[in-house]
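Okay, model.cif is below, mmCIF, C-alpha atoms:
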```cif
data_coords
#
loop_
_atom_site.label_atom_id
_atom_site.label_comp_id
_atom_site.auth_asym_id
_atom_site.auth_seq_id
_atom_site.Cartn_x
_atom_site.Cartn_y
_atom_site.Cartn_z
CA GLY V 224 -38.65 -30.99 32.35
CA ALA V 225 -41.24 -28.25 32.21
CA VAL V 226 -40.13 -24.70 31.44
CA VAL V 227 -41.36 -21.54 33.08
CA SER V 228 -40.24 -18.29 31.50
CA GLN V 229 -40.20 -15.06 33.48
CA HIS V 230 -39.59 -11.60 32.06
CA PRO V 231 -37.95 -9.27 32.54
CA SER V 232 -34.92 -10.64 34.38
CA TRP V 233 -34.23 -7.28 35.91
CA VAL V 234 -35.82 -3.87 35.86
CA ILE V 235 -34.91 -0.48 37.24
CA CYS V 236 -37.67 2.08 37.56
CA LYS V 237 -38.40 5.41 39.15
CA SER V 238 -40.46 5.67 42.28
CA GLY V 239 -44.16 6.04 41.49
CA THR V 240 -44.14 4.09 38.25
CA SER V 241 -45.72 0.68 37.66
CA VAL V 242 -43.86 -2.43 36.61
CA LYS V 243 -45.30 -5.55 35.01
CA ILE V 244 -43.66 -8.96 35.33
CA GLU V 245 -44.72 -11.84 33.12
CA CYS V 246 -44.65 -15.53 33.92
CA ARG V 247 -45.28 -18.05 31.17
CA SER V 248 -45.42 -21.81 31.19
CA LEU V 249 -43.91 -22.69 27.84
CA ASP V 250 -44.69 -26.33 27.38
CA PHE V 251 -47.57 -27.06 29.72
CA GLN V 252 -50.81 -25.59 30.96
CA ALA V 253 -50.72 -24.26 34.48
CA THR V 254 -54.02 -23.87 36.24
CA THR V 255 -52.22 -22.50 39.28
CA MET V 256 -49.29 -20.14 39.49
CA PHE V 257 -47.63 -18.72 42.57
CA TRP V 258 -45.80 -15.46 43.10
CA TYR V 259 -42.98 -15.21 45.62
CA ARG V 260 -40.81 -12.42 46.88
CA GLN V 261 -37.28 -12.88 48.13
CA PHE V 262 -35.05 -10.45 50.01
CA PRO V 263 -31.27 -10.88 49.98
CA LYS V 264 -30.09 -13.87 52.00
CA GLN V 265 -33.65 -14.74 52.91
CA SER V 266 -36.09 -17.40 51.84
CA LEU V 267 -39.03 -17.12 49.50
CA MET V 268 -42.16 -15.54 50.88
CA LEU V 269 -45.40 -16.46 49.15
CA MET V 270 -47.29 -13.39 48.01
CA ALA V 271 -50.30 -14.83 46.23
CA THR V 272 -51.77 -17.83 44.49
CA SER V 273 -53.04 -17.19 40.99
CA ASN V 274 -55.73 -19.35 39.44
CA GLU V 275 -56.66 -19.10 35.78
CA GLY V 276 -59.86 -17.19 35.24
CA SER V 277 -60.40 -16.17 38.85
CA LYS V 278 -59.15 -13.64 41.34
CA ALA V 279 -55.83 -14.26 43.01
CA THR V 280 -55.64 -15.30 46.64
CA TYR V 281 -53.28 -13.05 48.55
CA GLU V 282 -51.31 -13.96 51.64
CA GLN V 283 -51.83 -12.02 54.82
CA GLY V 284 -50.04 -8.69 54.76
CA VAL V 285 -49.77 -8.48 50.96
CA GLU V 286 -51.58 -5.47 49.49
CA LYS V 287 -53.73 -6.69 46.62
CA ASP V 288 -54.16 -3.18 45.22
CA LYS V 289 -50.42 -2.71 45.07
CA PHE V 290 -49.52 -6.11 43.65
CA LEU V 291 -52.01 -6.76 40.88
CA ILE V 292 -52.10 -10.31 39.61
CA ASN V 293 -53.77 -11.39 36.40
CA HIS V 294 -53.98 -15.00 35.25
CA ALA V 295 -55.65 -14.52 31.91
CA SER V 296 -54.77 -17.84 30.33
CA LEU V 297 -53.49 -21.28 31.25
CA THR V 298 -49.97 -20.28 30.27
CA LEU V 299 -49.64 -16.69 31.44
CA SER V 300 -49.79 -14.88 34.76
CA THR V 301 -48.67 -11.30 35.32
CA LEU V 302 -47.70 -9.40 38.44
CA THR V 303 -47.94 -5.62 38.29
CA VAL V 304 -46.27 -3.62 41.02
CA THR V 305 -48.23 -0.38 41.04
CA SER V 306 -46.80 2.95 42.18
CA ALA V 307 -43.54 1.27 43.07
CA HIS V 308 -41.45 2.58 45.95
CA PRO V 309 -37.87 1.77 47.00
CA GLU V 310 -39.14 -0.66 49.64
CA ASP V 311 -40.66 -2.73 46.82
CA SER V 312 -37.17 -3.44 45.53
CA SER V 313 -36.77 -7.18 45.72
CA PHE V 314 -36.38 -10.40 43.78
CA TYR V 315 -39.73 -11.68 42.51
CA ILE V 316 -40.14 -15.29 41.40
CA CYS V 317 -43.10 -17.05 39.86
CA SER V 318 -43.82 -20.74 39.81
CA ALA V 319 -46.30 -22.98 38.07
CA ARG V 320 -47.71 -26.37 38.84
CA LYS V 321 -47.92 -28.77 35.94
CA GLY V 322 -50.59 -31.02 37.37
CA GLY V 323 -52.08 -32.02 40.68
CA LEU V 324 -50.89 -31.19 44.17
CA ASN V 325 -48.33 -33.99 44.11
CA GLU V 326 -46.64 -32.63 41.03
CA LYS V 327 -43.47 -30.58 41.16
CA LEU V 328 -43.52 -26.83 41.03
CA PHE V 329 -41.41 -25.28 38.29
CA PHE V 330 -39.93 -21.87 38.82
CA GLY V 331 -39.13 -18.94 36.61
CA SER V 332 -35.66 -17.42 36.67
CA GLY V 333 -36.81 -14.48 38.74
CA THR V 334 -37.00 -10.72 38.29
CA GLN V 335 -34.77 -8.34 40.19
CA LEU V 336 -36.70 -5.10 40.71
CA SER V 337 -34.84 -1.97 41.77
CA VAL V 338 -36.90 1.13 42.48
CA LEU V 339 -34.96 4.37 42.62
CA LYS Y 39 -49.20 -22.29 61.10
CA GLN Y 40 -46.63 -24.32 59.19
CA GLU Y 41 -43.04 -23.33 59.84
CA VAL Y 42 -40.04 -24.76 58.04
CA THR Y 43 -36.54 -24.56 59.49
CA GLN Y 44 -33.25 -25.47 57.87
CA ILE Y 45 -30.01 -26.20 59.68
CA PRO Y 46 -27.26 -25.21 59.19
CA ALA Y 47 -27.72 -21.79 57.61
CA ALA Y 48 -24.34 -22.09 55.94
CA LEU Y 49 -21.91 -24.91 55.36
CA SER Y 50 -18.42 -25.04 53.90
CA VAL Y 51 -16.80 -28.36 53.04
CA PRO Y 52 -13.82 -29.59 51.05
CA GLU Y 53 -14.42 -31.23 47.72
CA GLY Y 54 -15.23 -34.94 47.90
CA GLU Y 55 -16.87 -34.84 51.29
CA ASN Y 56 -20.31 -36.33 51.90
CA LEU Y 57 -22.72 -33.97 53.61
CA VAL Y 58 -26.21 -33.76 55.08
CA LEU Y 59 -28.58 -30.82 55.06
CA ASN Y 60 -31.45 -30.78 57.51
CA CYS Y 61 -35.01 -29.54 57.24
CA SER Y 62 -37.74 -29.64 59.87
CA PHE Y 63 -41.39 -28.64 59.73
CA THR Y 64 -43.98 -28.13 62.44
CA ASP Y 65 -47.14 -29.51 60.84
CA SER Y 66 -46.94 -33.07 59.57
CA ALA Y 67 -50.11 -32.75 57.46
CA ILE Y 68 -48.31 -32.21 54.17
CA TYR Y 69 -48.79 -33.49 50.66
CA ASN Y 70 -45.12 -33.61 49.83
CA LEU Y 71 -41.73 -32.09 50.48
CA GLN Y 72 -39.47 -30.71 47.80
CA TRP Y 73 -35.79 -29.82 47.77
CA PHE Y 74 -34.57 -27.02 45.51
CA ARG Y 75 -31.28 -25.52 44.50
CA GLN Y 76 -30.86 -21.78 43.96
CA ASP Y 77 -27.81 -20.15 42.43
CA PRO Y 78 -27.15 -16.47 43.26
CA GLY Y 79 -29.62 -14.16 41.53
CA LYS Y 80 -31.37 -17.05 39.83
CA GLY Y 81 -34.61 -18.94 40.11
CA LEU Y 82 -35.06 -22.35 41.69
CA THR Y 83 -34.24 -25.73 40.28
CA SER Y 84 -36.22 -28.66 41.63
CA LEU Y 85 -33.96 -31.46 42.86
CA LEU Y 86 -36.18 -34.02 44.51
CA LEU Y 87 -39.83 -34.35 45.48
CA ILE Y 88 -40.91 -36.81 48.16
CA GLN Y 89 -44.57 -37.69 48.42
CA SER Y 90 -46.02 -37.84 51.93
CA SER Y 91 -46.32 -41.62 51.63
CA GLN Y 92 -42.67 -42.06 50.65
CA ARG Y 93 -39.58 -42.33 52.83
CA GLU Y 94 -36.90 -41.28 50.39
CA GLN Y 95 -36.02 -40.29 46.83
CA THR Y 96 -32.73 -40.56 45.01
CA SER Y 97 -31.29 -38.78 42.02
CA GLY Y 98 -27.65 -39.32 41.17
CA ARG Y 99 -25.50 -38.19 44.09
CA LEU Y 100 -28.54 -36.80 45.92
CA ASN Y 101 -30.71 -38.66 48.38
CA ALA Y 102 -33.58 -37.08 50.27
CA SER Y 103 -35.39 -38.71 53.16
CA LEU Y 104 -38.67 -37.86 54.81
CA ASP Y 105 -39.93 -38.72 58.30
CA LYS Y 106 -43.33 -37.11 58.32
CA SER Y 107 -44.24 -38.13 61.85
CA SER Y 108 -41.23 -36.37 63.32
CA GLY Y 109 -41.39 -33.49 60.86
CA ARG Y 110 -37.92 -33.98 59.41
CA SER Y 111 -36.23 -34.32 56.08
CA THR Y 112 -32.59 -34.62 55.12
CA LEU Y 113 -30.77 -34.06 51.85
CA TYR Y 114 -27.65 -36.17 51.51
CA ILE Y 115 -25.07 -35.13 48.94
CA ALA Y 116 -22.40 -37.69 48.17
CA ALA Y 117 -18.90 -36.86 46.96
CA SER Y 118 -19.52 -33.13 46.87
CA GLN Y 119 -18.12 -31.04 44.01
CA PRO Y 120 -17.43 -27.29 43.67
CA GLY Y 121 -20.35 -27.15 41.23
CA ASP Y 122 -22.66 -28.13 44.08
CA SER Y 123 -22.06 -24.74 45.68
CA ALA Y 124 -25.44 -23.03 45.93
CA THR Y 125 -28.27 -22.38 48.36
CA TYR Y 126 -30.45 -25.40 49.04
CA LEU Y 127 -34.05 -24.83 50.01
CA CYS Y 128 -36.60 -27.27 51.30
CA ALA Y 129 -40.31 -26.60 50.98
CA VAL Y 130 -43.40 -28.42 52.17
CA CYS Y 131 -46.57 -28.51 50.14
CA HIS Y 132 -49.21 -27.22 52.50
CA ASN Y 133 -52.50 -29.03 52.69
CA GLN Y 134 -54.40 -25.81 52.11
CA GLY Y 135 -54.35 -24.85 48.45
CA GLY Y 136 -51.16 -26.70 47.71
CA LYS Y 137 -48.89 -23.75 48.31
CA LEU Y 138 -45.24 -24.29 49.18
CA ILE Y 139 -43.84 -23.07 52.47
CA PHE Y 140 -40.07 -22.60 52.29
CA GLY Y 141 -37.28 -22.90 54.79
CA GLN Y 142 -34.60 -20.23 55.01
CA GLY Y 143 -32.12 -22.28 53.04
CA THR Y 144 -28.64 -23.64 53.60
CA GLU Y 145 -25.84 -21.88 51.75
CA LEU Y 146 -23.36 -24.54 50.69
CA SER Y 147 -19.80 -23.86 49.62
CA VAL Y 148 -17.69 -26.73 48.32
CA LYS Y 149 -14.03 -25.78 48.12
CA PRO Y 150 -11.70 -27.39 45.59
#
```

Take the structure in the file and give it back as structure tokens.
Amino acid sequence: GAVVSQHPSWVICKSGTSVKIECRSLDFQATTMFWYRQFPKQSLMLMATSNEGSKATYEQGVEKDKFLINHASLTLSTLTVTSAHPEDSSFYICSARKGGLNEKLFFGSGTQLSVL
Amino acid sequence: KQEVTQIPAALSVPEGENLVLNCSFTDSAIYNLQWFRQDPGKGLTSLLLIQSSQREQTSGRLNASLDKSSGRSTLYIAASQPGDSATYLCAVCHNQGGKLIFGQGTELSVKP
């Protein structure tokens, strides 16, 4: 199966700093990647859809200036949480689609962000 | 707006039992439906994907069905094992942009 690598697995940072999370498709090219956020015991909430070479499409209520998404190549998308605050602490997961809309989505292992 | 609901929220069964997890969605205009497994603090593992034109998919002890007209899907797990303990999530592929809309998940515990 396809492999999506996400780094780091966990990060602890001080309030006010920025944190970058990387999502890489290791053995396929992903024209579209998705970023999700998950709170404890809750489901995944889609934050944004990232398309290679274009601006990300953000879901309603997600601050695009706070959650910067860059999809610079067909195998890499990054999410930067700018000026992080304790309420940004969450589990962030990326996913990538290998082909068309009827293809499976493959997920990274997630990043646990804790903002002190 | 597409909404996905999973019942039950949690389930505990003895080892060896067959079980069914339920998923319902409000908008039947979907491309496909996917079932995932998530272990605590981990990412998601895709279990089964059912195309909108299909009725069911099988993989090993897992069988997923789809009734698009009624907005329902079930995941059947045969002869459950302690290693099946995890949270199971269903997600529908929305017809706008292909994004996945997730249910809240069913937390399964299989006791030896």

Handout entry: 7 Å contacts from chain Y to chain V using only C-alpha atoms, as an NGL selection string
Key = :Y and (69-70 or 80-82 or 87 or 89 or 136 or 140-143)

Problem - Residue with smallest distance to Ser313 in chain V - pool V:Ile292, V:Val242, V:Val338, V:Ala253, counting all atoms listed in the file - result: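 Among the listed residues, the smallest separation from Ser313 in chain V belongs to V:Val338.
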
Handout entry: Explicit residues for the PyMOL selection byres ((chain Y and resi 144) around 8) (as an MDAnalysis selection string)
Key = chainID Y and resid 44:49 59 125:127 142:143 145:146

Problem - Given only C-alpha atoms as the counted atoms, nearest of V:Ala307, V:Ala225, V:Ala295, V:Ala319 to Leu339 in chain V - result: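 That would be V:Ala307, the residue with the smallest distance to Leu339 in chain V.
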
Exercise for the section: Apply the PyMOL selection byres ((chain Y and resi 102) around 6) to the structure shown and report the selected residues as a ChimeraX atom specification. Expected result: /Y:94-95,101,103,112-113

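Applied to the file shown here, the PyMOL selection byres ((chain Y and resi 56) around 7) selects Gly54, Glu55, Leu57, Ile115, Ala116, Ala117 and Ser118 of chain Y.
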
Handout entry: Point-to-point distance from CA of Pro52 in chain Y to CA of Phe74 in chain Y, Å rounded to tenths
Key =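 Calculated distance between CA of Pro52 in chain Y and CA of Phe74 in chain Y is 21.6 Å.
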
Practice task
Find the distance between CA of Phe262 in chain V and CA of Lys106 in chain Y and write it in Å to one decimal.
Solution key: 29.1 Å

Tell me which protein, DNA and RNA residues are within 10 Å of Ser107 in chain Y, counting all atoms listed in the file, leaving out same-chain ones fewer than 2 positions away, and put them as a PDB file with C-alpha atoms, in the coordinates of the input.
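selection.pdb, freshly written:
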```
ATOM      1  CA  ASP Y  65     -47.140 -29.510  60.840  1.00  0.00           C
ATOM      2  CA  SER Y  66     -46.940 -33.070  59.570  1.00  0.00           C
ATOM      3  CA  ALA Y  67     -50.110 -32.750  57.460  1.00  0.00           C
ATOM      4  CA  LEU Y 104     -38.670 -37.860  54.810  1.00  0.00           C
ATOM      5  CA  ASP Y 105     -39.930 -38.720  58.300  1.00  0.00           C
ATOM      6  CA  GLY Y 109     -41.390 -33.490  60.860  1.00  0.00           C
ATOM      7  CA  ARG Y 110     -37.920 -33.980  59.410  1.00  0.00           C
TER       8      ARG Y 110
END
```

Problem - Protein/DNA/RNA residues near (-46.1, 7.0, 44.5), cut 8 Å, all atoms listed in the file, as a PyMOL selection string - result: chain V and resi 238-240+306-308

Handout entry: Separation of CA of Gly98 in chain Y from CA of Gln72 in chain Y, in Å and rounded to one decimal
Key = 16.1 Å

Fill in the blank from the handout: Ile88 in chain Y proximity check over Y:Phe63, Y:Gln76, Y:Cys128, Y:Asp122, using all atoms listed in the file: winner is Y:Cys128

Which centre and edge lengths in Å to one decimal define the box along x, y and z that fits every listed atom of range 143-146 of chain Y plus 5 Å per side, as JSON?
```
{"center_x": -27.7, "center_y": -23.2, "center_z": 52.1, "size_x": 18.8, "size_y": 12.7, "size_z": 12.9}
```

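Residue nearest Gln92 in chain Y within the list Y:His132, Y:Gly121, Y:Ile68, Y:Gly79: Y:Ile68 [criterion: smallest interatomic distance, only C-alpha atoms].
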